[in-house]
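Heads up, run-v1.cif below (mmCIF, C-alpha atoms and all ligand atoms):
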```cif
data_input
loop_
_atom_site.label_atom_id
_atom_site.label_comp_id
_atom_site.auth_asym_id
_atom_site.auth_seq_id
_atom_site.Cartn_x
_atom_site.Cartn_y
_atom_site.Cartn_z
CA MET A 1442 0.00 0.00 0.00
CA GLY A 1443 1.63 3.21 -1.14
CA LEU A 1444 1.11 6.88 -0.46
CA LEU A 1445 -1.50 7.14 -3.23
CA SER A 1446 -3.63 4.35 -1.70
CA LEU A 1447 -3.31 6.02 1.72
CA VAL A 1448 -4.54 9.34 0.36
CA THR A 1449 -7.27 7.98 -1.92
CA GLY A 1450 -8.39 5.21 0.43
CA LYS A 1451 -8.24 2.77 -2.50
CA ALA A 1452 -8.62 -0.82 -1.30
CA GLY A 1453 -5.69 -3.23 -1.60
CA SER A 1454 -5.73 -6.97 -2.27
CA SER A 1455 -7.48 -7.65 1.05
CA GLY A 1456 -10.47 -5.66 -0.19
CA PHE A 1457 -9.81 -3.01 2.46
CA GLY A 1458 -7.68 0.14 2.57
CA SER A 1459 -6.87 3.26 4.56
CA ALA A 1460 -10.49 4.49 4.44
CA SER A 1461 -11.91 1.23 5.85
CA THR A 1462 -13.24 1.41 9.38
CA ALA A 1463 -13.01 -1.21 12.11
CA GLU A 1464 -16.75 -1.85 11.82
CA GLU A 1465 -16.42 -2.41 8.07
CA VAL A 1466 -13.57 -4.95 8.31
CA ALA A 1467 -15.45 -6.85 11.04
CA GLN A 1468 -18.79 -6.75 9.22
CA GLY A 1469 -20.58 -10.11 9.27
CA ILE A 1470 -18.01 -11.76 11.59
CA ASN A 1471 -19.49 -13.59 14.56
CA ALA A 1472 -17.04 -13.29 17.45
CA SER A 1473 -19.43 -14.47 20.16
CA ASN A 1474 -17.27 -17.55 20.82
CA LEU A 1475 -14.16 -15.42 21.41
CA THR A 1476 -12.52 -13.88 24.47
CA ALA A 1477 -10.10 -11.03 23.86
CA ILE A 1478 -7.76 -8.87 25.92
CA VAL A 1479 -6.99 -5.35 24.69
CA THR A 1480 -4.29 -3.41 26.54
CA GLY A 1481 -4.71 0.36 26.74
CA GLY A 1482 -8.34 -0.02 25.73
CA ALA A 1483 -9.52 3.07 27.62
CA SER A 1484 -8.74 5.54 24.85
CA GLY A 1485 -7.97 6.07 21.16
CA ILE A 1486 -7.50 3.08 18.88
CA GLY A 1487 -7.77 0.63 21.77
CA ALA A 1488 -11.20 1.90 22.89
CA GLU A 1489 -12.54 1.64 19.33
CA THR A 1490 -11.05 -1.85 19.00
CA VAL A 1491 -12.81 -2.90 22.22
CA ARG A 1492 -16.10 -1.40 20.99
CA VAL A 1493 -16.01 -3.21 17.66
CA LEU A 1494 -14.90 -6.57 19.13
CA ALA A 1495 -17.74 -6.31 21.66
CA LEU A 1496 -20.18 -5.29 18.92
CA ARG A 1497 -19.28 -8.51 17.06
CA GLY A 1498 -20.04 -10.45 20.25
CA ALA A 1499 -16.59 -11.05 21.77
CA HIS A 1500 -16.07 -10.95 25.53
CA VAL A 1501 -13.44 -8.24 25.92
CA ILE A 1502 -11.21 -7.60 28.92
CA ILE A 1503 -9.60 -4.17 28.90
CA GLY A 1504 -6.23 -3.81 30.62
CA VAL A 1505 -5.90 -0.22 31.81
CA ARG A 1506 -3.83 1.84 34.21
CA ASN A 1507 -6.73 4.29 34.64
CA VAL A 1508 -9.57 2.06 35.83
CA ASP A 1509 -12.12 4.89 35.91
CA ALA A 1510 -11.42 5.66 32.24
CA GLY A 1511 -11.75 1.95 31.46
CA LYS A 1512 -15.10 1.79 33.25
CA ALA A 1513 -16.32 4.86 31.34
CA VAL A 1514 -15.48 3.11 28.03
CA LYS A 1515 -17.25 -0.02 29.27
CA ASP A 1516 -20.39 1.95 30.28
CA ASP A 1517 -20.42 3.71 26.92
CA ILE A 1518 -20.25 0.41 25.06
CA LEU A 1519 -22.96 -1.17 27.23
CA ARG A 1520 -25.20 1.82 26.47
CA GLN A 1521 -24.65 1.40 22.72
CA THR A 1522 -24.60 -2.40 22.45
CA LYS A 1523 -27.15 -4.37 24.41
CA GLY A 1524 -25.64 -7.53 25.89
CA ALA A 1525 -22.04 -6.48 25.22
CA ARG A 1526 -19.52 -8.29 27.43
CA VAL A 1527 -16.73 -5.97 28.60
CA ASP A 1528 -14.65 -6.17 31.78
CA VAL A 1529 -11.92 -3.91 33.10
CA LEU A 1530 -8.77 -4.98 34.97
CA PRO A 1531 -5.94 -2.75 36.21
CA LEU A 1532 -2.69 -3.02 34.26
CA ASP A 1533 0.43 -0.88 34.24
CA LEU A 1534 2.68 -2.22 31.50
CA SER A 1535 5.69 -0.28 32.74
CA SER A 1536 5.68 -2.41 35.91
CA MET A 1537 6.46 -6.14 35.74
CA GLU A 1538 4.75 -6.55 39.11
CA SER A 1539 1.54 -5.04 37.72
CA VAL A 1540 1.72 -7.19 34.57
CA LYS A 1541 2.03 -10.33 36.70
CA LYS A 1542 -0.91 -9.22 38.85
CA PHE A 1543 -3.02 -8.55 35.74
CA ALA A 1544 -2.24 -12.05 34.41
CA ASN A 1545 -3.16 -13.58 37.80
CA ASP A 1546 -6.40 -11.53 37.96
CA PHE A 1547 -7.27 -12.70 34.45
CA HIS A 1548 -6.51 -16.35 35.23
CA ALA A 1549 -8.69 -16.09 38.35
CA LEU A 1550 -11.67 -15.34 36.06
CA ASN A 1551 -11.27 -18.84 34.56
CA LEU A 1552 -11.83 -17.57 31.05
CA PRO A 1553 -10.41 -18.95 27.81
CA LEU A 1554 -8.30 -16.57 25.72
CA ASN A 1555 -8.46 -16.36 21.92
CA ILE A 1556 -7.16 -12.88 21.10
CA LEU A 1557 -4.48 -10.75 22.73
CA ILE A 1558 -4.15 -7.21 21.39
CA ASN A 1559 -0.97 -5.55 22.67
CA ASN A 1560 -2.19 -2.03 21.96
CA ALA A 1561 -1.10 0.23 24.83
CA GLY A 1562 1.78 2.56 24.21
CA VAL A 1563 3.61 5.75 25.05
CA MET A 1564 5.36 8.03 22.56
CA PHE A 1565 8.14 10.63 22.66
CA CYS A 1566 8.40 10.74 26.47
CA PRO A 1567 11.23 12.62 28.14
CA PHE A 1568 13.89 10.21 29.43
CA LYS A 1569 12.65 8.23 32.41
CA LEU A 1570 13.33 4.81 33.90
CA SER A 1571 10.49 2.48 34.85
CA GLU A 1572 10.23 1.05 38.37
CA ASP A 1573 12.17 -1.96 37.00
CA GLY A 1574 14.97 0.35 35.86
CA LEU A 1575 14.21 0.21 32.12
CA GLU A 1576 13.88 3.09 29.66
CA MET A 1577 10.16 3.94 29.63
CA HIS A 1578 9.31 3.34 25.92
CA PHE A 1579 11.10 0.00 25.94
CA ALA A 1580 9.57 -0.96 29.31
CA THR A 1581 5.97 -0.06 28.42
CA ASN A 1582 5.72 -0.71 24.71
CA HIS A 1583 7.88 -3.84 24.51
CA VAL A 1584 8.91 -5.49 27.79
CA GLY A 1585 5.49 -5.17 29.46
CA HIS A 1586 3.79 -6.72 26.43
CA PHE A 1587 6.50 -9.37 26.06
CA LEU A 1588 5.97 -10.47 29.67
CA LEU A 1589 2.17 -10.27 29.38
CA THR A 1590 2.17 -12.40 26.23
CA ASN A 1591 4.42 -14.99 27.88
CA LEU A 1592 2.15 -15.19 30.91
CA LEU A 1593 -1.01 -15.62 28.79
CA LEU A 1594 0.33 -17.85 26.04
CA ASP A 1595 -0.37 -21.22 27.70
CA ASN A 1596 -4.02 -20.20 28.11
CA MET A 1597 -4.15 -19.15 24.44
CA LYS A 1598 -2.60 -22.42 23.23
CA LYS A 1599 -4.92 -24.47 25.46
CA THR A 1600 -7.99 -22.53 24.29
CA ALA A 1601 -7.01 -23.01 20.64
CA LYS A 1602 -6.41 -26.74 21.18
CA GLU A 1603 -9.66 -27.34 23.03
CA THR A 1604 -11.88 -25.27 20.73
CA GLY A 1605 -10.12 -25.72 17.39
CA VAL A 1606 -10.37 -21.95 16.96
CA GLU A 1607 -7.11 -20.23 16.00
CA GLY A 1608 -5.71 -17.85 18.63
CA ARG A 1609 -4.26 -14.52 17.53
CA VAL A 1610 -1.74 -12.11 19.06
CA VAL A 1611 -1.68 -8.63 17.50
CA ASN A 1612 1.10 -6.17 18.36
CA LEU A 1613 0.51 -2.47 17.70
CA SER A 1614 3.71 -1.24 16.09
CA SER A 1615 4.19 1.86 13.94
CA VAL A 1616 5.81 3.03 10.74
CA ALA A 1617 7.99 4.93 13.25
CA HIS A 1618 9.96 1.67 13.65
CA PHE A 1619 11.94 2.83 10.58
CA LEU A 1620 13.43 5.60 12.75
CA THR A 1621 15.52 3.82 15.36
CA TYR A 1622 19.08 3.81 16.70
CA ASP A 1623 21.93 2.84 14.34
CA GLU A 1624 22.10 -0.76 15.57
CA GLY A 1625 18.31 -1.24 15.52
CA ILE A 1626 18.03 -2.28 19.16
CA GLN A 1627 20.65 -0.78 21.51
CA PHE A 1628 21.12 -3.96 23.57
CA ASN A 1629 24.16 -2.61 25.40
CA ARG A 1630 22.77 0.87 25.99
CA ILE A 1631 19.06 0.32 26.42
CA ASN A 1632 18.93 2.59 29.49
CA ASP A 1633 21.59 5.05 28.38
CA GLU A 1634 20.43 8.63 28.98
CA SER A 1635 23.44 10.28 27.30
CA GLY A 1636 22.54 9.22 23.75
CA TYR A 1637 18.79 9.36 24.36
CA SER A 1638 16.46 10.47 21.58
CA ASP A 1639 12.71 10.39 22.36
CA LYS A 1640 11.95 9.74 18.64
CA LYS A 1641 14.48 6.90 18.30
CA ALA A 1642 13.50 5.38 21.65
CA TYR A 1643 9.89 5.21 20.44
CA GLY A 1644 11.01 3.81 17.05
CA GLN A 1645 13.21 1.22 18.80
CA SER A 1646 10.27 0.05 20.95
CA LYS A 1647 8.02 -0.19 17.88
CA LEU A 1648 10.73 -2.17 16.05
CA ALA A 1649 10.78 -4.47 19.09
CA ASN A 1650 6.99 -4.96 18.72
CA ILE A 1651 7.46 -6.29 15.17
CA LEU A 1652 10.48 -8.46 16.05
CA HIS A 1653 8.57 -9.86 19.04
CA ALA A 1654 5.59 -10.89 16.86
CA LYS A 1655 7.94 -12.32 14.24
CA GLU A 1656 9.93 -14.51 16.64
CA LEU A 1657 6.80 -15.50 18.58
CA SER A 1658 5.20 -16.58 15.33
CA ARG A 1659 8.27 -18.65 14.41
CA ARG A 1660 8.20 -20.40 17.78
CA LEU A 1661 4.45 -21.04 17.62
CA LYS A 1662 4.79 -22.54 14.13
CA GLU A 1663 7.70 -24.73 15.29
CA GLU A 1664 5.59 -26.14 18.14
CA GLY A 1665 2.54 -26.57 15.90
CA ALA A 1666 0.44 -24.32 18.16
CA ASN A 1667 -2.79 -23.03 16.61
CA VAL A 1668 -1.95 -19.42 17.52
CA THR A 1669 -0.63 -16.71 15.19
CA ALA A 1670 1.24 -13.47 15.95
CA ASN A 1671 1.38 -10.41 13.70
CA SER A 1672 2.05 -6.69 14.00
CA VAL A 1673 0.35 -3.62 12.57
CA HIS A 1674 0.83 0.05 11.84
CA PRO A 1675 -2.59 1.63 12.46
CA GLY A 1676 -1.95 4.83 10.47
CA PHE A 1677 -1.66 8.40 11.77
CA ILE A 1678 -4.51 9.18 14.13
CA MET A 1679 -4.84 12.19 16.44
CA THR A 1680 -5.08 10.60 19.91
CA SER A 1681 -3.75 11.20 23.39
CA LEU A 1682 -0.62 9.34 22.28
CA MET A 1683 0.54 12.75 21.06
CA ARG A 1684 0.46 14.24 24.57
CA HIS A 1685 4.24 14.81 24.64
CA SER A 1686 4.27 16.30 21.13
CA MET A 1687 0.88 18.00 20.72
CA ASN A 1688 2.21 21.14 19.02
CA LEU A 1689 4.37 19.21 16.57
CA MET A 1690 1.49 16.86 15.73
CA ARG A 1691 -1.05 19.67 15.28
CA PHE A 1692 1.44 21.37 12.96
CA LEU A 1693 1.96 18.15 10.94
CA ASN A 1694 -1.78 17.48 10.91
CA PHE A 1695 -2.45 20.96 9.54
CA PHE A 1696 -0.06 20.46 6.58
CA SER A 1697 -0.73 16.78 5.92
CA ARG A 1698 -4.41 16.37 6.85
CA PHE A 1699 -4.94 13.97 3.93
CA LEU A 1700 -2.49 11.46 5.51
CA TRP A 1701 -4.38 11.20 8.79
CA LYS A 1702 -7.14 8.78 9.72
CA SER A 1703 -10.14 8.95 12.03
CA VAL A 1704 -10.11 6.71 15.12
CA PRO A 1705 -12.59 4.21 13.53
CA GLN A 1706 -10.23 3.96 10.54
CA GLY A 1707 -7.24 3.72 12.90
CA ALA A 1708 -8.69 0.61 14.58
CA ALA A 1709 -9.42 -1.12 11.26
CA THR A 1710 -6.06 -2.84 10.71
CA THR A 1711 -6.03 -4.19 14.27
CA CYS A 1712 -9.57 -5.57 13.94
CA TYR A 1713 -8.81 -6.99 10.49
CA VAL A 1714 -5.74 -8.86 11.74
CA ALA A 1715 -7.48 -9.99 14.94
CA LEU A 1716 -10.71 -11.23 13.36
CA HIS A 1717 -10.71 -11.66 9.62
CA PRO A 1718 -11.01 -15.26 8.33
CA ASP A 1719 -8.75 -14.49 5.34
CA LEU A 1720 -5.78 -14.33 7.73
CA LYS A 1721 -6.20 -17.88 9.05
CA GLY A 1722 -2.74 -19.37 9.51
CA VAL A 1723 -0.93 -16.12 8.67
CA GLY A 1724 1.80 -15.25 11.19
CA GLY A 1725 4.96 -13.17 11.50
CA LYS A 1726 3.67 -10.51 9.11
CA TYR A 1727 3.31 -6.73 9.29
CA PHE A 1728 0.15 -4.94 8.16
CA ASP A 1729 -0.68 -1.37 7.21
CA ASP A 1730 -4.08 -0.17 5.94
CA CYS A 1731 -5.39 -3.75 6.34
CA ASN A 1732 -2.84 -5.17 3.90
CA GLU A 1733 0.45 -6.99 4.40
CA VAL A 1734 3.47 -4.79 3.69
CA ASN A 1735 7.23 -5.09 4.23
CA PRO A 1736 8.62 -3.53 7.39
CA SER A 1737 12.19 -2.18 7.64
CA LEU A 1738 15.23 -4.41 7.05
CA PHE A 1739 15.89 -4.50 10.83
CA ALA A 1740 12.31 -5.73 11.32
CA GLN A 1741 12.89 -8.55 8.80
CA ASP A 1742 16.11 -9.68 10.51
CA LYS A 1743 15.53 -13.15 12.00
CA ASP A 1744 18.75 -13.08 14.03
CA LEU A 1745 17.87 -9.72 15.53
CA ALA A 1746 14.42 -11.10 16.44
CA MET A 1747 16.02 -14.09 18.21
CA LYS A 1748 18.54 -11.86 19.97
CA LEU A 1749 15.74 -9.58 21.20
CA TRP A 1750 13.79 -12.62 22.41
CA ASP A 1751 16.74 -13.87 24.51
CA PHE A 1752 17.46 -10.36 25.79
CA SER A 1753 13.81 -9.84 26.78
CA MET A 1754 13.66 -13.26 28.49
CA ARG A 1755 16.64 -12.26 30.62
CA LEU A 1756 14.95 -8.96 31.51
CA ILE A 1757 11.68 -10.56 32.64
CA LYS A 1758 13.51 -13.15 34.70
N1 LIG B 1801 -2.13 7.37 16.96
C1 LIG B 1801 -1.22 7.11 16.01
O1 LIG B 1801 -1.05 7.91 15.07
C2 LIG B 1801 -0.41 5.86 16.07
C3 LIG B 1801 0.49 5.61 15.01
C4 LIG B 1801 1.26 4.45 15.04
C5 LIG B 1801 1.14 3.58 16.09
N2 LIG B 1801 0.28 3.83 17.11
C6 LIG B 1801 0.21 2.87 18.21
O2 LIG B 1801 -1.14 2.58 18.51
C7 LIG B 1801 -1.26 2.22 19.89
C8 LIG B 1801 -2.45 2.94 20.49
O3 LIG B 1801 -2.19 4.31 20.49
P1 LIG B 1801 -3.32 5.44 20.42
O4 LIG B 1801 -2.99 6.31 19.29
O5 LIG B 1801 -4.66 4.86 20.54
O6 LIG B 1801 -2.94 6.29 21.73
P2 LIG B 1801 -3.68 6.49 23.13
O7 LIG B 1801 -5.07 6.94 22.93
O8 LIG B 1801 -2.77 7.32 23.96
O9 LIG B 1801 -3.72 5.00 23.65
C9 LIG B 1801 -2.63 4.40 24.28
C10 LIG B 1801 -3.16 3.71 25.52
O10 LIG B 1801 -2.06 3.08 26.16
C11 LIG B 1801 -2.23 3.28 27.54
N3 LIG B 1801 -0.98 3.19 28.28
C12 LIG B 1801 0.09 4.01 28.21
N4 LIG B 1801 1.02 3.61 29.10
C13 LIG B 1801 0.51 2.54 29.74
C14 LIG B 1801 0.98 1.69 30.77
N5 LIG B 1801 2.17 1.89 31.36
N6 LIG B 1801 0.20 0.68 31.19
C15 LIG B 1801 -1.01 0.48 30.63
N7 LIG B 1801 -1.52 1.25 29.66
C16 LIG B 1801 -0.76 2.26 29.22
C17 LIG B 1801 -2.81 4.68 27.67
O11 LIG B 1801 -3.40 4.80 28.94
P3 LIG B 1801 -3.45 6.22 29.70
O12 LIG B 1801 -4.65 6.90 29.16
O13 LIG B 1801 -3.55 5.82 31.13
O14 LIG B 1801 -2.19 6.93 29.38
C18 LIG B 1801 -3.80 4.69 26.52
O15 LIG B 1801 -5.06 4.20 26.91
C19 LIG B 1801 0.09 2.55 20.54
O16 LIG B 1801 0.80 1.36 20.72
C20 LIG B 1801 0.78 3.42 19.51
O17 LIG B 1801 2.18 3.29 19.56
C21 LIG B 1801 -0.50 4.95 17.11
#
```
Taking this structure as input, can you express it in the form of structure tokens?
Amino acid sequence: MGLLSLVTGKAGSSGFGSASTAEEVAQGINASNLTAIVTGGASGIGAETVRVLALRGAHVIIGVRNVDAGKAVKDDILRQTKGARVDVLPLDLSSMESVKKFANDFHALNLPLNILINNAGVMFCPFKLSEDGLEMHFATNHVGHFLLTNLLLDNMKKTAKETGVEGRVVNLSSVAHFLTYDEGIQFNRINDESGYSDKKAYGQSKLANILHAKELSRRLKEEGANVTANSVHPGFIMTSLMRHSMNLMRFLNFFSRFLWKSVPQGAATTCYVALHPDLKGVGGKYFDDCNEVNPSLFAQDKDLAMKLWDFSMRLIK
């Protein structure tokens, strides 16, 4: 999908394009047999993803650090969709302790798990270390989701085996993964403040999201598990993600309005990859505007993906 398709909204080979909305890509899909977790589902793309999954009948658990905001999204959805099943659990992805608690809280509900949408994210933050001593973009966007996925994966594999329904992990990445540090992932300087760039730190974490899905997919295929893992770029959407760069984003939005999407359009690629039957068995791929596209060379590097996996395993242990 090129710039022209983005601007015109012309559909690609999937039948969908940049103008497609989450409701449109999920049209006619019955998700009433599915349970999904959406992280960061209290705002922006995540909230729309939760709404559309629930509209299609899925039971959705929202992982949020602001529980009141999560409950407001839930109430809104229940008002709009009679019988919708939405629950809210506290989750702070920048804290491994909180991620473990979320996974325990979820397991205590005794629910199956078909879909995990690793959506939450922070962008362009000033340098800060998480409570686990990790740079904040890397901690929140990658390590928190890496740990969460690991803790939920057995449930997903078991659910897929028992029901015969394919499980799906979807990582929210970004085209910003093209802008990262020179070595892709700065394994030796992940928490180094001296060379810190808020743009590259965000890009590095979004590169990690793609490499995570890629290596996870390889491992799942090797074991023969009926679970896929993919990553997506949702497009450019004005959301609270821009809180650390509001002026810059308003400026860019003013001059490039035709490149930006609405929130319903921004949630389309996630919902397409999470639900659409055409993607059965497809794993390790990267999607933009509801179509598979090539990510950066770093993101296609199998060795880098394996190295990041081992590095992340050491961090969560
Ligand atoms: N918008 C875009 O143009 C764009 C482009 C490319 C990729 N993306 C990706 O799309 C995803 C969703 O972003 P969005 O645009 O919908 O932004 P958003 O409205 O700010 O949503 C991000 C969500 O993540 C949550 N979050 C942040 N830190 C968290 C933490 N430590 N623990 C748990 N939740 C946390 C936020 O919760 P709080 O409200 O509590 O902060 C918020 O609900 C992100 O991964 C982003 O990188 C967005």
Any chance you could tabulate, as CSV, the residues of chain A at most 6 Å from ligand LIG 1801 (chain B) with each one's nearest atom pair and distance in Å to one decimal, using all atoms listed in the file, in chain and rising number order?
```
residue,atom,partner,partner_atom,distance
A:Gly1481,CA,B:LIG1801,O10,3.8
A:Gly1482,CA,B:LIG1801,O15,5.5
A:Ala1483,CA,B:LIG1801,O15,4.7
A:Ser1484,CA,B:LIG1801,O7,4.4
A:Gly1485,CA,B:LIG1801,O7,3.5
A:Ile1486,CA,B:LIG1801,O5,3.7
A:Gly1487,CA,B:LIG1801,O5,5.4
A:Val1505,CA,B:LIG1801,C15,5.1
A:Arg1506,CA,B:LIG1801,C15,4.8
A:Asn1507,CA,B:LIG1801,O13,5.0
A:Leu1532,CA,B:LIG1801,C15,5.3
A:Asp1533,CA,B:LIG1801,N6,3.4
A:Leu1534,CA,B:LIG1801,N6,3.8
A:Ser1535,CA,B:LIG1801,N5,4.4
A:Asn1560,CA,B:LIG1801,O16,4.7
A:Ala1561,CA,B:LIG1801,O10,3.3
A:Gly1562,CA,B:LIG1801,O16,3.8
A:Val1563,CA,B:LIG1801,C12,5.0
A:Thr1581,CA,B:LIG1801,N5,5.2
A:Leu1613,CA,B:LIG1801,O16,4.9
A:Ser1614,CA,B:LIG1801,C5,5.5
A:Ser1615,CA,B:LIG1801,C4,4.1
A:His1674,CA,B:LIG1801,C4,5.5
A:Pro1675,CA,B:LIG1801,C4,5.4
A:Gly1676,CA,B:LIG1801,C3,5.2
A:Phe1677,CA,B:LIG1801,O1,3.4
A:Ile1678,CA,B:LIG1801,O1,3.8
A:Met1679,CA,B:LIG1801,N1,5.6
A:Thr1680,CA,B:LIG1801,O7,4.7
A:Ser1681,CA,B:LIG1801,O8,4.0
A:Leu1682,CA,B:LIG1801,O8,3.4
```
(message) Calculated over only C-alpha atoms, which of the candidates A:Glu1464, A:Asp1744, A:Glu1656, A:Asp1528 has the smallest distance to Lys1726 in chain A?
(response)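 Smallest separation from Lys1726 in chain A among the options: A:Glu1656.
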(request) Between A:Ser1455, A:Thr1449, A:Gln1706, A:Asn1650, single out the one closest to Cys1731 in chain A, counting all atoms listed in the file. (result)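 So, comparing all the options, the nearest one is A:Ser1455.
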(request) Return the single residue from A:Gly1453, A:Gly1443, A:Gly1608, A:Gly1504 that is closest to Val1723 in chain A, with distances computed using all atoms listed in the file. (result)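 Checking each of A:Gly1453, A:Gly1443, A:Gly1608, A:Gly1504 against Val1723 in chain A, counting all atoms listed in the file, the winner is A:Gly1608.
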(request) Might you pull out every residue within 7 Å of range 1710-1722 of chain A, with only C-alpha atoms counted and same-chain residues fewer than 5 positions away left off, and present them as a VMD selection string? (result) chain A and resid 1463 1466 to 1467 1490 1556 1609 1611 1669 1673 1675 1729 to 1731
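Taking CA of Leu1445 in chain A and CA of Gly1458 in chain A as the two end points, the separation is 11.0 Å.
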(request) Using only C-alpha atoms, find all polymer residues with an atom at most 7 Å away from the point (-3.1, -18.0, 33.2); report them as a list in words. (result)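 The answer, in the requested form, is Ala1544, Asn1545, Phe1547, His1548, Leu1592, Leu1593, Asp1595 and Asn1596 of chain A.
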(request) Just give me the gap between CA of Leu1447 in chain A and CA of Ile1478 in chain A in Å, one decimal is fine. (result) 28.8 Å
(request) Compare A:Tyr1622, A:Phe1728, A:Trp1750, A:Phe1543 by their minimum atom-to-atom distance to Ile1502 in chain A, counting only C-alpha atoms, and give me the closest one. (result)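 Checking each candidate against Ile1502 in chain A, we get A:Phe1543 as the closest.
Minimum atom-to-atom distances from A:Asn1591, A:Asn1688, A:Ser1697, A:Ser1672 to Pro1736 in chain A were compared using all atoms listed in the file, and the lowest value belongs to A:Ser1672.
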(message) Can you pull out the residues contacting range 1646-1649 of chain A? Cut-off 10 Å, using all atoms listed in the file, and skip same-chain residues under 2 positions away; I want them as a PyMOL selection string.
(response) chain A and resi 1562-1564+1576-1584+1587+1612-1621+1625-1626+1641-1644+1651-1655+1672-1674+1736-1737+1739-1741+1745-1746+1749-1750+1753
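Selection around (-23.4, -2.3, 25.5) with radius 12 Å, counting all atoms listed in the file, yields the residues Val1491, Arg1492, Val1493, Leu1494, Ala1495, Leu1496, Arg1497, Gly1498, Ala1499, His1500, Val1501, Ala1513, Val1514, Lys1515, Asp1516, Asp1517, Ile1518, Leu1519, Arg1520, Gln1521, Thr1522, Lys1523, Gly1524, Ala1525, Arg1526, Val1527 and Asp1528 of chain A.
The residue that comes closest to Cys1566 in chain A, out of A:Thr1600, A:Arg1684, A:Val1734, A:Asp1546 and on the basis of all atoms listed in the file, is A:Arg1684.
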(message) Can you tell me which residues surround range 1661-1668 of chain A at a distance of at most 9 Å, considering only C-alpha atoms, apart from same-chain residues fewer than 5 positions away, and format the answer as a ChimeraX atom specification?
(response) /A:1555,1594,1597-1598,1601-1602,1605-1610,1656,1722,1724
(request) Find the distance between CA of Met1537 in chain A and CA of Gly1585 in chain A and write it in Å to one decimal. (result) 6.4 Å
